[in-house]
file query_7.tsv (TSV, C-alpha atoms)
chain	number	residue	atom	x	y	z
A	1	MET	CA	-6.50	-32.28	-18.74
A	2	LYS	CA	-6.76	-35.24	-16.36
A	3	GLN	CA	-9.58	-35.03	-13.86
A	4	ILE	CA	-8.48	-35.48	-10.23
A	5	SER	CA	-10.27	-37.83	-7.86
A	6	PHE	CA	-12.28	-36.78	-4.82
A	7	ALA	CA	-9.46	-38.00	-2.54
A	8	GLN	CA	-6.92	-35.86	-4.40
A	9	ALA	CA	-9.19	-32.82	-4.32
A	10	GLU	CA	-9.75	-33.21	-0.58
A	11	HIS	CA	-6.00	-33.64	-0.03
A	12	GLN	CA	-5.12	-30.53	-2.05
A	13	ASN	CA	-7.64	-28.35	-0.21
A	14	LYS	CA	-6.33	-29.09	3.27
A	15	LYS	CA	-4.72	-26.13	5.04
A	16	LYS	CA	-1.57	-27.72	6.42
A	17	VAL	CA	1.40	-29.03	4.42
A	18	THR	CA	2.79	-32.02	6.31
A	19	ARG	CA	6.48	-32.74	6.82
A	20	ARG	CA	6.16	-35.80	4.60
A	21	GLU	CA	4.71	-33.74	1.75
A	22	ARG	CA	7.39	-31.08	2.14
A	23	PHE	CA	10.16	-33.69	2.21
A	24	LEU	CA	8.88	-35.61	-0.81
A	25	THR	CA	8.41	-32.40	-2.78
A	26	GLN	CA	12.03	-31.44	-2.06
A	27	MET	CA	13.32	-34.89	-3.00
A	28	ASP	CA	11.24	-34.92	-6.18
A	29	ALA	CA	12.99	-31.72	-7.24
A	30	LEU	CA	16.48	-32.81	-6.16
A	31	VAL	CA	16.72	-36.37	-7.48
A	32	PRO	CA	18.23	-36.44	-11.00
A	33	TRP	CA	15.56	-38.77	-12.35
A	34	GLN	CA	16.54	-38.71	-16.01
A	35	ARG	CA	20.21	-39.38	-15.28
A	36	LEU	CA	19.28	-42.36	-13.11
A	37	ILE	CA	16.89	-43.71	-15.74
A	38	ASP	CA	19.51	-43.39	-18.47
A	39	ALA	CA	22.09	-45.19	-16.32
A	40	LEU	CA	19.78	-48.02	-15.19
A	41	SER	CA	17.73	-48.61	-18.35
A	42	PRO	CA	20.20	-51.07	-19.93
A	43	SER	CA	19.93	-53.30	-16.85
A	44	TYR	CA	16.17	-53.03	-16.33
A	45	PHE	CA	14.16	-55.78	-18.02
A	46	PRO	CA	10.48	-55.73	-17.00
A	47	ASN	CA	7.92	-57.91	-18.73
A	48	ALA	CA	7.82	-55.58	-21.71
A	49	ALA	CA	5.31	-57.60	-23.69
A	50	GLY	CA	2.91	-57.75	-20.78
A	51	LYS	CA	1.35	-60.94	-22.14
A	52	ARG	CA	2.41	-63.23	-19.31
A	53	GLY	CA	2.74	-62.50	-15.63
A	54	ARG	CA	2.18	-59.11	-14.08
A	55	PRO	CA	1.89	-55.95	-16.20
A	56	PRO	CA	5.21	-54.15	-16.74
A	57	ILE	CA	6.04	-51.25	-14.44
A	58	GLY	CA	8.13	-48.30	-15.59
A	59	LEU	CA	11.65	-47.84	-14.26
A	60	GLU	CA	11.02	-44.36	-12.83
A	61	ARG	CA	8.00	-45.56	-10.88
A	62	MET	CA	9.92	-48.49	-9.43
A	63	LEU	CA	12.76	-46.12	-8.50
A	64	ARG	CA	10.33	-43.87	-6.68
A	65	ILE	CA	8.89	-46.85	-4.81
A	66	TYR	CA	12.37	-48.08	-3.91
A	67	PHE	CA	13.43	-44.65	-2.65
A	68	LEU	CA	10.31	-44.44	-0.47
A	69	GLN	CA	11.27	-47.78	1.01
A	70	GLN	CA	14.73	-46.46	1.90
A	71	TRP	CA	13.54	-43.10	3.25
A	72	TYR	CA	10.97	-44.64	5.60
A	73	ALA	CA	12.68	-47.99	6.40
A	74	LEU	CA	9.68	-50.03	5.32
A	75	ALA	CA	9.49	-53.70	4.42
A	76	ASP	CA	7.88	-54.60	1.09
A	77	GLU	CA	4.37	-55.28	2.39
A	78	ALA	CA	4.51	-52.37	4.83
A	79	LEU	CA	5.46	-50.05	1.98
A	80	GLU	CA	2.48	-51.14	-0.11
A	81	ASP	CA	0.17	-50.48	2.85
A	82	ALA	CA	1.76	-47.07	3.43
A	83	ILE	CA	1.23	-46.08	-0.21
A	84	TYR	CA	-2.42	-47.04	0.01
A	85	ASP	CA	-2.75	-45.00	3.21
A	86	SER	CA	-0.78	-41.90	2.16
A	87	GLN	CA	-1.91	-39.51	-0.56
A	88	ALA	CA	1.47	-37.77	-0.35
A	89	MET	CA	3.24	-41.01	-1.26
A	90	ARG	CA	0.82	-41.71	-4.09
A	91	ASP	CA	1.38	-38.23	-5.49
A	92	PHE	CA	5.14	-38.75	-5.32
A	93	ILE	CA	4.84	-42.00	-7.26
A	94	GLY	CA	2.10	-40.76	-9.56
A	95	ILE	CA	-0.61	-43.28	-8.69
A	96	ASP	CA	-4.33	-42.59	-8.97
A	97	LEU	CA	-6.25	-45.30	-7.10
A	98	ALA	CA	-9.34	-44.46	-9.12
A	99	ILE	CA	-7.81	-46.06	-12.20
A	100	GLU	CA	-4.94	-48.26	-10.98
A	101	SER	CA	-3.63	-50.16	-7.99
A	102	VAL	CA	-0.34	-49.89	-6.14
A	103	PRO	CA	2.41	-51.97	-7.80
A	104	ASP	CA	3.99	-54.86	-5.99
A	105	ALA	CA	6.77	-53.14	-4.03
A	106	THR	CA	9.11	-56.11	-3.94
A	107	ILE	CA	12.56	-55.04	-5.11
A	108	VAL	CA	14.94	-57.59	-3.56
A	109	ALA	CA	14.02	-60.58	-1.45
A	110	ALA	CA	14.51	-59.77	2.24
A	111	ALA	CA	16.13	-62.18	4.69
A	112	PRO	CA	13.46	-63.47	7.14
A	113	SER	CA	15.94	-63.91	10.00
A	114	THR	CA	19.61	-63.86	10.93
A	115	LYS	CA	19.91	-67.62	10.46
A	116	ASN	CA	19.89	-69.73	7.31
A	117	LYS	CA	18.70	-73.27	6.58
A	118	ALA	CA	21.81	-74.70	8.22
A	119	LYS	CA	20.85	-72.90	11.46
A	120	GLN	CA	23.91	-70.69	11.22
A	121	ARG	CA	24.32	-66.94	11.28
A	122	ASP	CA	25.13	-65.02	8.15
A	123	PRO	CA	28.72	-66.14	7.36
A	124	ALA	CA	29.58	-62.72	5.92
A	125	MET	CA	28.85	-61.01	9.24
A	126	LYS	CA	31.25	-61.12	12.18
A	127	GLN	CA	31.36	-60.18	15.84
A	128	THR	CA	33.26	-57.27	17.35
A	129	LYS	CA	33.51	-55.44	20.65
A	130	LYS	CA	32.86	-51.71	21.02
A	131	GLY	CA	33.47	-50.41	24.51
A	132	ASN	CA	32.14	-53.09	26.81
A	133	GLN	CA	29.46	-54.36	24.43
A	134	TRP	CA	29.64	-57.01	21.72
A	135	PHE	CA	27.97	-56.50	18.34
A	136	PHE	CA	27.29	-58.92	15.49
A	137	GLY	CA	26.95	-57.55	11.99
A	138	MET	CA	28.71	-55.30	9.51
A	139	LYS	CA	30.40	-51.91	9.29
A	140	ALA	CA	29.74	-49.06	6.90
A	141	HIS	CA	32.97	-47.19	6.14
A	142	ILE	CA	32.53	-43.81	4.46
A	143	GLY	CA	34.66	-41.01	3.08
A	144	VAL	CA	33.07	-37.58	3.52
A	145	ASP	CA	34.07	-34.32	1.88
A	146	ALA	CA	35.53	-32.04	4.55
A	147	VAL	CA	33.84	-28.91	3.15
A	148	THR	CA	30.42	-30.01	1.91
A	149	GLY	CA	29.88	-32.95	4.27
A	150	LEU	CA	28.72	-35.12	1.36
A	151	THR	CA	29.63	-38.80	1.20
A	152	HIS	CA	31.79	-39.69	-1.80
A	153	SER	CA	33.00	-43.20	-0.89
A	154	VAL	CA	31.23	-46.13	0.76
A	155	ALA	CA	32.51	-49.60	1.65
A	156	ALA	CA	30.88	-52.39	3.62
A	157	THR	CA	32.81	-54.97	5.62
A	158	SER	CA	32.13	-57.39	8.43
A	159	ALA	CA	32.14	-55.81	11.86
A	160	ASN	CA	35.56	-57.16	12.87
A	161	VAL	CA	37.49	-55.35	10.12
A	162	ALA	CA	39.71	-52.57	11.49
A	163	ASP	CA	38.73	-49.10	10.28
A	164	VAL	CA	42.26	-48.10	9.31
A	165	THR	CA	42.59	-50.95	6.79
A	166	MET	CA	39.83	-49.38	4.64
A	167	THR	CA	41.57	-46.01	4.28
A	168	GLY	CA	42.66	-46.65	0.71
A	169	ALA	CA	39.07	-47.34	-0.38
A	170	LEU	CA	37.76	-44.08	1.09
A	171	VAL	CA	40.35	-41.45	0.13
A	172	ARG	CA	40.54	-39.75	-3.25
A	173	ASP	CA	43.84	-39.07	-4.99
A	174	ASP	CA	43.30	-35.30	-5.01
A	175	ASP	CA	42.40	-34.96	-1.31
A	176	LYS	CA	44.81	-32.50	0.27
A	177	ARG	CA	44.05	-33.53	3.88
A	178	VAL	CA	42.65	-36.72	5.38
A	179	TYR	CA	41.04	-36.49	8.82
A	180	GLY	CA	40.33	-39.53	10.98
A	181	ASP	CA	39.74	-40.45	14.61
A	182	ALA	CA	42.21	-42.38	16.75
A	183	GLY	CA	41.10	-45.63	15.12
A	184	TYR	CA	42.90	-44.48	11.96
A	185	THR	CA	46.32	-44.20	13.61
A	186	GLY	CA	48.91	-45.37	11.11
A	187	MET	CA	46.71	-44.83	8.07
A	188	GLY	CA	49.63	-43.25	6.21
A	189	LYS	CA	50.98	-46.65	5.20
A	190	TYR	CA	47.62	-47.46	3.55
A	191	LEU	CA	48.08	-44.28	1.49
A	192	ASN	CA	51.63	-45.26	0.49
A	193	GLU	CA	53.17	-42.59	2.71
A	194	GLU	CA	56.36	-43.01	4.68
A	195	LYS	CA	56.11	-42.99	8.45
A	196	ASP	CA	56.30	-39.44	9.90
A	197	ALA	CA	56.58	-37.97	6.39
A	198	PRO	CA	56.71	-34.14	6.64
A	199	ASN	CA	54.30	-33.74	3.71
A	200	SER	CA	51.81	-36.30	5.00
A	201	ARG	CA	48.12	-35.66	4.27
A	202	CYS	CA	47.02	-37.50	7.43
A	203	CYS	CA	45.46	-35.60	10.34
A	204	VAL	CA	44.64	-38.27	12.92
A	205	ALA	CA	43.21	-37.56	16.34
A	206	ALA	CA	45.60	-37.97	19.23
A	207	LYS	CA	44.73	-40.67	21.72
A	208	ARG	CA	43.00	-39.36	24.84
A	209	GLY	CA	45.31	-41.24	27.16
A	210	THR	CA	48.34	-39.52	25.69
A	211	ILE	CA	46.89	-36.05	26.26
A	212	LYS	CA	45.72	-36.87	29.80
A	213	LYS	CA	49.23	-37.90	30.80
A	214	MET	CA	50.62	-34.50	29.79
A	215	GLU	CA	51.14	-31.96	32.53
A	216	GLY	CA	49.44	-28.58	32.26
A	217	SER	CA	51.50	-26.34	29.99
A	218	PRO	CA	51.12	-23.97	27.01
A	219	ARG	CA	52.01	-26.92	24.77
A	220	LYS	CA	49.10	-28.97	26.13
A	221	THR	CA	46.75	-26.00	25.75
A	222	LEU	CA	47.83	-25.58	22.13
A	223	LEU	CA	47.48	-29.31	21.47
A	224	LEU	CA	43.93	-29.34	22.89
A	225	ALA	CA	42.97	-26.42	20.65
A	226	PHE	CA	44.47	-28.22	17.67
A	227	GLU	CA	42.57	-31.42	18.49
A	228	LYS	CA	39.33	-29.46	18.86
A	229	ALA	CA	39.82	-27.96	15.39
A	230	LYS	CA	40.42	-31.41	13.89
A	231	ALA	CA	37.38	-32.81	15.69
A	232	SER	CA	35.15	-30.07	14.27
A	233	ILE	CA	36.14	-31.19	10.77
A	234	ARG	CA	35.74	-34.90	11.55
A	235	ALA	CA	32.25	-34.20	12.86
A	236	LYS	CA	31.14	-33.76	9.24
A	237	GLU	CA	31.24	-37.54	8.79
A	238	GLU	CA	28.67	-38.02	11.54
A	239	HIS	CA	26.00	-36.09	9.62
A	240	PRO	CA	25.44	-38.75	6.91
A	241	PHE	CA	25.05	-41.41	9.61
A	242	HIS	CA	22.55	-39.18	11.39
A	243	VAL	CA	20.50	-38.91	8.19
A	244	ILE	CA	20.35	-42.61	7.35
A	245	LYS	CA	19.95	-43.77	10.98
A	246	ASN	CA	17.62	-41.16	12.47
A	247	LEU	CA	15.81	-39.70	9.47
A	248	PHE	CA	15.61	-42.83	7.30
A	249	GLY	CA	15.42	-45.27	10.24
A	250	TYR	CA	18.21	-47.57	9.01
A	251	ARG	CA	19.43	-49.40	12.11
A	252	LYS	CA	19.49	-53.08	11.13
A	253	VAL	CA	20.55	-54.89	7.99
A	254	ARG	CA	17.73	-56.19	5.82
A	255	TYR	CA	19.55	-58.66	3.61
A	256	LYS	CA	22.05	-61.49	4.01
A	257	GLY	CA	25.59	-61.09	2.77
A	258	LEU	CA	27.68	-58.00	2.24
A	259	ALA	CA	26.92	-57.50	-1.46
A	260	LYS	CA	23.20	-56.76	-1.06
A	261	ASN	CA	23.73	-54.69	2.07
A	262	GLN	CA	26.47	-52.66	0.42
A	263	ALA	CA	24.16	-51.99	-2.55
A	264	GLN	CA	21.55	-50.67	-0.13
A	265	LEU	CA	24.19	-48.50	1.60
A	266	PHE	CA	25.08	-46.92	-1.75
A	267	THR	CA	21.42	-45.95	-2.18
A	268	LEU	CA	21.00	-44.71	1.39
A	269	PHE	CA	24.09	-42.50	1.40
A	270	ALA	CA	23.29	-41.17	-2.08
A	271	LEU	CA	19.81	-40.21	-0.90
A	272	GLY	CA	21.35	-38.82	2.28
A	273	ASN	CA	23.55	-36.59	0.13
A	274	LEU	CA	20.42	-35.07	-1.39
A	275	VAL	CA	19.16	-34.18	2.08
A	276	LEU	CA	22.50	-32.62	3.02
A	277	ALA	CA	23.13	-30.97	-0.35
A	278	ARG	CA	20.62	-28.21	0.30
A	279	ARG	CA	23.01	-26.56	2.73
A	280	CYS	CA	26.29	-27.20	0.91
A	281	GLU	CA	28.49	-24.36	-0.26
A	282	GLY	CA	32.14	-24.08	-1.24
A	283	ASP	CA	34.69	-26.28	-2.99
A	284	ALA	CA	36.16	-29.50	-1.66
A	285	ASP	CA	39.80	-29.93	-0.73
A	286	GLY	CA	39.82	-32.65	1.94
A	287	VAL	CA	38.15	-35.75	3.30
A	288	SER	CA	37.03	-37.15	6.62
A	289	VAL	CA	36.86	-40.93	7.03
A	290	SER	CA	34.84	-43.13	9.34

call {"tool": "encode", "arguments": {"input": "query_7.tsv", "output": "structure tokens"}}
result
Amino acid sequence: MKQISFAQAEHQNKKKVTRRERFLTQMDALVPWQRLIDALSPSYFPNAAGKRGRPPIGLERMLRIYFLQQWYALADEALEDAIYDSQAMRDFIGIDLAIESVPDATIVAAAPSTKNKAKQRDPAMKQTKKGNQWFFGMKAHIGVDAVTGLTHSVAATSANVADVTMTGALVRDDDKRVYGDAGYTGMGKYLNEEKDAPNSRCCVAAKRGTIKKMEGSPRKTLLLAFEKAKASIRAKEEHPFHVIKNLFGYRKVRYKGLAKNQAQLFTLFALGNLVLARRCEGDADGVSVS
């Protein structure tokens, strides 16, 4: 039996379980480690011989380090410092500082700024206006299960791409209903549906201006109740964004180009699903898009 260090013994004997410890313990139990290892092993080529360069690091350990980086929105060097400072993180990774050091946490080279050598902004990112404010960057489009609230489709585009044009990439063939906000008006044609088809799957929010113009009547009251019901379903797609923005701290892109940022979004929303999965019940029969 392996003997624990004094730091580990002191950490285990403390009276309070921190939120970080509780969270990492839950994630350790929820992440399908073996399935991920089996899927990624053919593409993972560390310095197996270990004769030149740095010693090889196992795939599972690097996955754990990478997930910590996503959960806590840490840069490479900041993550290494955090692992040295946090016993909870070291336990999650399986590192004993008494016999080994923290691996180099570099996974993918990070862009140092928004400009390249030609003094230009990232050509894959574009500018768009939301309300009265202009933004430069990218959009994350997601398809969320209407029952469980779990993300099943993710696509990244520049910020100036209209939401409705990405409908086809977010909806599954077996979805019975598709819910979207007013920005998805006309999404039926992107699902190969005829305009005003009676069997349409699309449930798009009515524009506010249209409802405001209506005079008070039972029809308007019924329409408002209907819109409220649709909005309660669409709200499911806000939960994944809450997780990756507020819990994981993802608010700015880290890499240049859409390919690397989309790869990070896949990881973030997959990890976000694990956080949300603890409260999921029922079977899926619809989708909400954003």

call {"tool": "residues_around", "arguments": {"input": "query_7.tsv", "residues": "stretch 131-137 of chain A", "least_positions_apart": "4", "cutoff": "9 Å", "atoms": "only C-alpha atoms", "output": "ChimeraX atom specification"}}
result
/A:122,124-127,158-160,252-253

call {"tool": "write_last_selection", "arguments": {"input": "query_7.tsv", "atoms": "C-alpha atoms", "output": "PDB file, in the frame of the given file"}}
result
ATOM      1  CA  ASP A 122      25.130 -65.020   8.150  1.00  0.00           C
ATOM      2  CA  ALA A 124      29.580 -62.720   5.920  1.00  0.00           C
ATOM      3  CA  MET A 125      28.850 -61.010   9.240  1.00  0.00           C
ATOM      4  CA  LYS A 126      31.250 -61.120  12.180  1.00  0.00           C
ATOM      5  CA  GLN A 127      31.360 -60.180  15.840  1.00  0.00           C
ATOM      6  CA  SER A 158      32.130 -57.390   8.430  1.00  0.00           C
ATOM      7  CA  ALA A 159      32.140 -55.810  11.860  1.00  0.00           C
ATOM      8  CA  ASN A 160      35.560 -57.160  12.870  1.00  0.00           C
ATOM      9  CA  LYS A 252      19.490 -53.080  11.130  1.00  0.00           C
ATOM     10  CA  VAL A 253      20.550 -54.890   7.990  1.00  0.00           C
TER      11      VAL A 253
END

call {"tool": "closest_atom_pairs", "arguments": {"input": "query_7.tsv", "of": "stretch 74-184 of chain A", "to": "stretch 222-228 of chain A", "cutoff": "12 Å", "atoms": "all atoms listed in the file", "output": "tab-separated table"}}
result
residue	atom	partner	partner_atom	distance
A:Tyr179	CA	A:Glu227	CA	11.0
A:Gly180	CA	A:Glu227	CA	11.3
A:Asp181	CA	A:Glu227	CA	10.2
A:Ala182	CA	A:Glu227	CA	11.1

call {"tool": "residues_near_point", "arguments": {"input": "query_7.tsv", "point": "(13.6, -43.5, -14.4)", "cutoff": "10 Å", "atoms": "only C-alpha atoms", "output": "PyMOL selection string"}}
result
chain A and resi 32-41+58-64

call {"tool": "write_last_selection", "arguments": {"input": "query_7.tsv", "atoms": "C-alpha atoms", "output": "PDB file, keeping the file's coordinate frame"}}
result
ATOM      1  CA  PRO A  32      18.230 -36.440 -11.000  1.00  0.00           C
ATOM      2  CA  TRP A  33      15.560 -38.770 -12.350  1.00  0.00           C
ATOM      3  CA  GLN A  34      16.540 -38.710 -16.010  1.00  0.00           C
ATOM      4  CA  ARG A  35      20.210 -39.380 -15.280  1.00  0.00           C
ATOM      5  CA  LEU A  36      19.280 -42.360 -13.110  1.00  0.00           C
ATOM      6  CA  ILE A  37      16.890 -43.710 -15.740  1.00  0.00           C
ATOM      7  CA  ASP A  38      19.510 -43.390 -18.470  1.00  0.00           C
ATOM      8  CA  ALA A  39      22.090 -45.190 -16.320  1.00  0.00           C
ATOM      9  CA  LEU A  40      19.780 -48.020 -15.190  1.00  0.00           C
ATOM     10  CA  SER A  41      17.730 -48.610 -18.350  1.00  0.00           C
ATOM     11  CA  GLY A  58       8.130 -48.300 -15.590  1.00  0.00           C
ATOM     12  CA  LEU A  59      11.650 -47.840 -14.260  1.00  0.00           C
ATOM     13  CA  GLU A  60      11.020 -44.360 -12.830  1.00  0.00           C
ATOM     14  CA  ARG A  61       8.000 -45.560 -10.880  1.00  0.00           C
ATOM     15  CA  MET A  62       9.920 -48.490  -9.430  1.00  0.00           C
ATOM     16  CA  LEU A  63      12.760 -46.120  -8.500  1.00  0.00           C
ATOM     17  CA  ARG A  64      10.330 -43.870  -6.680  1.00  0.00           C
TER      18      ARG A  64
END

call {"tool": "closest_residue", "arguments": {"input": "query_7.tsv", "among": "A:Gly94, A:Pro42, A:Gly168, A:Gly249", "to": "A:Val154", "atoms": "only C-alpha atoms"}}
result
A:Gly168

call {"tool": "atom_distance", "arguments": {"input": "query_7.tsv", "atom1": "atom CA of A:Arg19", "atom2": "atom CA of A:Ala88"}}
result
10.1 Å

call {"tool": "closest_residue", "arguments": {"input": "query_7.tsv", "among": "A:Ala231, A:Leu150, A:Cys202, A:Leu268", "to": "A:Lys245", "atoms": "only C-alpha atoms"}}
result
A:Leu268

call {"tool": "atom_distance", "arguments": {"input": "query_7.tsv", "atom1": "atom CA of A:Arg201", "atom2": "atom CA of A:Thr148"}}
result
18.7 Å

call {"tool": "build_atoms", "arguments": {"input": "query_7.tsv", "residues": "stretch 248-274 of chain A", "atoms": "N, CA and C atoms", "output": "JSON list (two decimals), in the coordinates of the input"}}
result
[["chain", "number", "residue", "atom", "x", "y", "z"],
["A", 248, "PHE", "N", 16.09, -41.72, 8.14],
["A", 248, "PHE", "CA", 15.61, -42.83, 7.30],
["A", 248, "PHE", "C", 15.30, -44.08, 8.11],
["A", 249, "GLY", "N", 15.74, -44.13, 9.37],
["A", 249, "GLY", "CA", 15.42, -45.27, 10.24],
["A", 249, "GLY", "C", 16.21, -46.53, 9.94],
["A", 250, "TYR", "N", 17.40, -46.40, 9.33],
["A", 250, "TYR", "CA", 18.21, -47.57, 9.01],
["A", 250, "TYR", "C", 19.07, -47.93, 10.21],
["A", 251, "ARG", "N", 18.70, -48.99, 10.92],
["A", 251, "ARG", "CA", 19.43, -49.40, 12.11],
["A", 251, "ARG", "C", 19.79, -50.88, 12.11],
["A", 252, "LYS", "N", 19.17, -51.66, 11.23],
["A", 252, "LYS", "CA", 19.49, -53.08, 11.13],
["A", 252, "LYS", "C", 19.57, -53.47, 9.66],
["A", 253, "VAL", "N", 20.44, -54.43, 9.37],
["A", 253, "VAL", "CA", 20.55, -54.89, 7.99],
["A", 253, "VAL", "C", 19.27, -55.62, 7.60],
["A", 254, "ARG", "N", 18.94, -55.54, 6.32],
["A", 254, "ARG", "CA", 17.73, -56.19, 5.82],
["A", 254, "ARG", "C", 18.04, -57.46, 5.05],
["A", 255, "TYR", "N", 19.22, -57.54, 4.47],
["A", 255, "TYR", "CA", 19.55, -58.66, 3.61],
["A", 255, "TYR", "C", 20.70, -59.49, 4.19],
["A", 256, "LYS", "N", 20.91, -60.66, 3.64],
["A", 256, "LYS", "CA", 22.05, -61.49, 4.01],
["A", 256, "LYS", "C", 23.21, -61.22, 3.07],
["A", 257, "GLY", "N", 24.42, -61.31, 3.60],
["A", 257, "GLY", "CA", 25.59, -61.09, 2.77],
["A", 257, "GLY", "C", 25.94, -59.63, 2.65],
["A", 258, "LEU", "N", 27.21, -59.37, 2.33],
["A", 258, "LEU", "CA", 27.68, -58.00, 2.24],
["A", 258, "LEU", "C", 27.29, -57.33, 0.92],
["A", 259, "ALA", "N", 27.18, -58.09, -0.14],
["A", 259, "ALA", "CA", 26.92, -57.50, -1.46],
["A", 259, "ALA", "C", 25.60, -56.75, -1.49],
["A", 260, "LYS", "N", 24.51, -57.40, -1.04],
["A", 260, "LYS", "CA", 23.20, -56.76, -1.06],
["A", 260, "LYS", "C", 23.15, -55.59, -0.08],
["A", 261, "ASN", "N", 23.75, -55.78, 1.08],
["A", 261, "ASN", "CA", 23.73, -54.69, 2.07],
["A", 261, "ASN", "C", 24.56, -53.50, 1.62],
["A", 262, "GLN", "N", 25.68, -53.76, 0.93],
["A", 262, "GLN", "CA", 26.47, -52.66, 0.42],
["A", 262, "GLN", "C", 25.71, -51.91, -0.67],
["A", 263, "ALA", "N", 24.96, -52.65, -1.51],
["A", 263, "ALA", "CA", 24.16, -51.99, -2.55],
["A", 263, "ALA", "C", 23.12, -51.07, -1.92],
["A", 264, "GLN", "N", 22.51, -51.52, -0.81],
["A", 264, "GLN", "CA", 21.55, -50.67, -0.13],
["A", 264, "GLN", "C", 22.24, -49.46, 0.49],
["A", 265, "LEU", "N", 23.45, -49.63, 1.02],
["A", 265, "LEU", "CA", 24.19, -48.50, 1.60],
["A", 265, "LEU", "C", 24.50, -47.45, 0.54],
["A", 266, "PHE", "N", 24.84, -47.88, -0.67],
["A", 266, "PHE", "CA", 25.08, -46.92, -1.75],
["A", 266, "PHE", "C", 23.85, -46.05, -1.96],
["A", 267, "THR", "N", 22.68, -46.69, -1.98],
["A", 267, "THR", "CA", 21.42, -45.95, -2.18],
["A", 267, "THR", "C", 21.15, -45.01, -1.01],
["A", 268, "LEU", "N", 21.31, -45.52, 0.20],
["A", 268, "LEU", "CA", 21.00, -44.71, 1.39],
["A", 268, "LEU", "C", 21.89, -43.48, 1.49],
["A", 269, "PHE", "N", 23.19, -43.65, 1.28],
["A", 269, "PHE", "CA", 24.09, -42.50, 1.40],
["A", 269, "PHE", "C", 23.92, -41.54, 0.23],
["A", 270, "ALA", "N", 23.57, -42.07, -0.95],
["A", 270, "ALA", "CA", 23.29, -41.17, -2.08],
["A", 270, "ALA", "C", 22.06, -40.33, -1.80],
["A", 271, "LEU", "N", 21.01, -40.96, -1.26],
["A", 271, "LEU", "CA", 19.81, -40.21, -0.90],
["A", 271, "LEU", "C", 20.09, -39.27, 0.26],
["A", 272, "GLY", "N", 20.96, -39.70, 1.18],
["A", 272, "GLY", "CA", 21.35, -38.82, 2.28],
["A", 272, "GLY", "C", 22.07, -37.58, 1.78],
["A", 273, "ASN", "N", 22.87, -37.74, 0.72],
["A", 273, "ASN", "CA", 23.55, -36.59, 0.13],
["A", 273, "ASN", "C", 22.56, -35.55, -0.38],
["A", 274, "LEU", "N", 21.42, -36.01, -0.90],
["A", 274, "LEU", "CA", 20.42, -35.07, -1.39],
["A", 274, "LEU", "C", 19.84, -34.25, -0.24]]
